[in-house]
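The structure appears right after this line, and notes come after that.
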Number of protein chains: 2
Amino acid sequence: MARPPEYNRPEVLQAALHVFWRDGYESSTIQKLLDAMGLNRGSFYGAFVDKESLFREVMDCYVHYQSNIISFNLMGIEEPLEAIRGFLEDFALHEGAEIRERGCLLFNTVTELSHTRPHLAEDASKRVGFLHKLFIKRLEQAYKLGDVRADKNVDDMADYLVALASGLRTHCKMKTNPAVIREIIDLGLDVVTTPNNNQGASIF
Amino acid sequence: MARPPEYNRPEVLQAALHVFWRDGYESSTIQKLLDAMGLNRGSFYGAFVDKESLFREVMDCYVHYQSNIISFNLMGIEEPLEAIRGFLEDFALHEGAEIRERGCLLFNTVTELSHTRPHLAEDASKRVGFLHKLFIKRLEQAYKLGDVRADKNVDDMADYLVALASGLRTHCKMKTNPAVIREIIDLGLDVVTTPNNNQGASIF
């Protein structure tokens, strides 16, 4: 017998995403999730098995949600360093304060669960690895154009950009003024550029 | 009547600190805290009122705990940029993996509680403000020595260093190899130095 069509899976997943993203894993109680998703316990456990399984599916939704930003910037802009800048700006300068101050679900998860639920934190880290790979790809293109410094390897620069992205999201959660966040992006990106781009005349 | 000396306050606070620091706020249940602190419920509530009040006191302990690193590096080393480097290295390269992978209690708290317990997240942010002020002080000294770039203001550079510190701690939680973390510090600090220090011949 087919599953009764009592809910729309993408819609209820999106509702759960907003709870987890805003409140974190532990504060997202089953009751809070049921209220947001509009499900009863039976449907919830029937459809999603348990909170951890739901959360994994929610992380996939989040990556899909962020993929618009990623495909528009990190993959859609031709000039590689402009693409990285565009990504960081969209990532940390979302115009809605409520969304901006949620931070990043993946970094939030790594931070909250690294010790208590290491398997979920590791899942989140792996998804950050996808971003790392895209940074490498664009940095390699920039390297061929002579736009990034040649004395450091691209892999380390990508790790640095992950650190910068994470730090920017912490600032979002600390409600740092967006103008300051923009300055941090300016400063932070100078690190990867070639020296002659480093004092205001940069490609950014 | 004086409080019966049934526990040593600094000791039980330190025990609570290690629970919160490792597991985060929400996962640190009262029972877990009681077990670690060796207290019964009556003594616990008599001495600390509630979990939030305990947590505030624990954040003070943490800042005190970190003050050794801060006073040794950020305030104790004469050359200001070396002091900042020394601080970041101690902050993100603790030799014990267990401590290193806990991240920073303050950034963890901002990340976990910004929406669900904003007053505690704000308390943590204020304590990060103390670090920000120390960065400014050392950057101003470095500026007078001509060691930091003159085209950006010291306040923004301090905000950038807070982002870098936070991003380094996220990498710790992601179990990034310490050698990579060292590279991120190298790269990350280049951003504040004067251009002639920027390609390997830097003061760091």
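Letters A, B, ... mark the chains of the structure tokens in the order given; residue numbers begin at 1 per chain; ligand numbers begin at 1, in order shown.
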Give me the residues of chain A that have any atom at most 7 Å from an atom of chain B; for each, the nearest atom pair and the distance in Å, rounded to one decimal. Use only C-alpha atoms, sort by chain and number, and format it as CSV.
residue,atom,partner,partner_atom,distance
A:Arg22,CA,B:His115,CA,6.4
A:Asp23,CA,B:Thr116,CA,5.8
A:Gly24,CA,B:Glu112,CA,6.2
A:Glu26,CA,B:Glu26,CA,6.1
A:Ser27,CA,B:Glu26,CA,6.9
A:Asn108,CA,B:Thr111,CA,6.1
A:Val110,CA,B:Lys173,CA,6.6
A:Thr111,CA,B:Asn108,CA,6.0
A:Glu112,CA,B:Glu112,CA,6.1
A:Ser114,CA,B:Lys173,CA,6.2
A:His115,CA,B:Asp23,CA,5.9
A:Thr116,CA,B:Asp23,CA,5.8
A:Ser125,CA,B:Met174,CA,6.1
A:Asp156,CA,B:Glu183,CA,6.5
A:Asp159,CA,B:Ile184,CA,6.9
A:Tyr160,CA,B:Ile184,CA,5.1
A:Ala163,CA,B:Gly167,CA,3.9
A:Leu164,CA,B:Gly167,CA,5.8
A:Ser166,CA,B:Gly167,CA,5.0
A:Gly167,CA,B:Ala163,CA,3.9
A:Leu168,CA,B:Ala163,CA,5.8
A:Thr170,CA,B:Thr111,CA,6.6
A:His171,CA,B:Ala163,CA,6.8
A:Lys173,CA,B:Ser114,CA,6.2
A:Met174,CA,B:Ser125,CA,6.1
A:Val180,CA,B:Asp156,CA,6.6
A:Glu183,CA,B:Asp156,CA,6.5
A:Ile184,CA,B:Tyr160,CA,5.1
A:Leu187,CA,B:Val191,CA,6.4
A:Gly188,CA,B:Val191,CA,6.7
A:Asp190,CA,B:Val191,CA,6.3
A:Val191,CA,B:Val191,CA,5.2
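Relative to atom CA of B:Leu34, atom CA of B:Val58 is found at 14.3 Å.
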Problem - Backbone-only DSSP, helix (DSSP H, G or I) members of stretch 77-184 of chain A, as an MDAnalysis selection string - result: chainID A and resid 80:92 97:100 105:113 118:144 154:173 178:184
So that I can check the surroundings of stretch 48-57 of chain A, please list as an mmCIF file with C-alpha atoms, in the first residue's frame every protein, DNA and RNA residue that reaches within 9 Å of it, counting only C-alpha atoms and ignoring chain neighbours fewer than 5 positions away.
data_model
loop_
_atom_site.group_PDB
_atom_site.id
_atom_site.type_symbol
_atom_site.label_atom_id
_atom_site.label_comp_id
_atom_site.auth_asym_id
_atom_site.auth_seq_id
_atom_site.Cartn_x
_atom_site.Cartn_y
_atom_site.Cartn_z
ATOM 1 C CA LEU A 13 11.722 18.995 5.598
ATOM 2 C CA ALA A 16 12.356 21.187 10.084
ATOM 3 C CA LEU A 17 15.390 22.851 8.482
ATOM 4 C CA PHE A 20 17.345 23.206 13.367
ATOM 5 C CA TYR A 25 20.201 20.419 17.259
ATOM 6 C CA THR A 29 12.833 19.143 20.548
ATOM 7 C CA ILE A 30 10.604 16.569 18.895
ATOM 8 C CA SER A 43 3.621 10.167 10.910
ATOM 9 C CA TYR A 62 20.396 22.925 3.539
ATOM 10 C CA LEU A 120 26.593 14.062 12.929
ATOM 11 C CA ASP A 123 28.616 14.409 8.439
ATOM 12 C CA ALA A 124 28.528 18.211 8.612
#
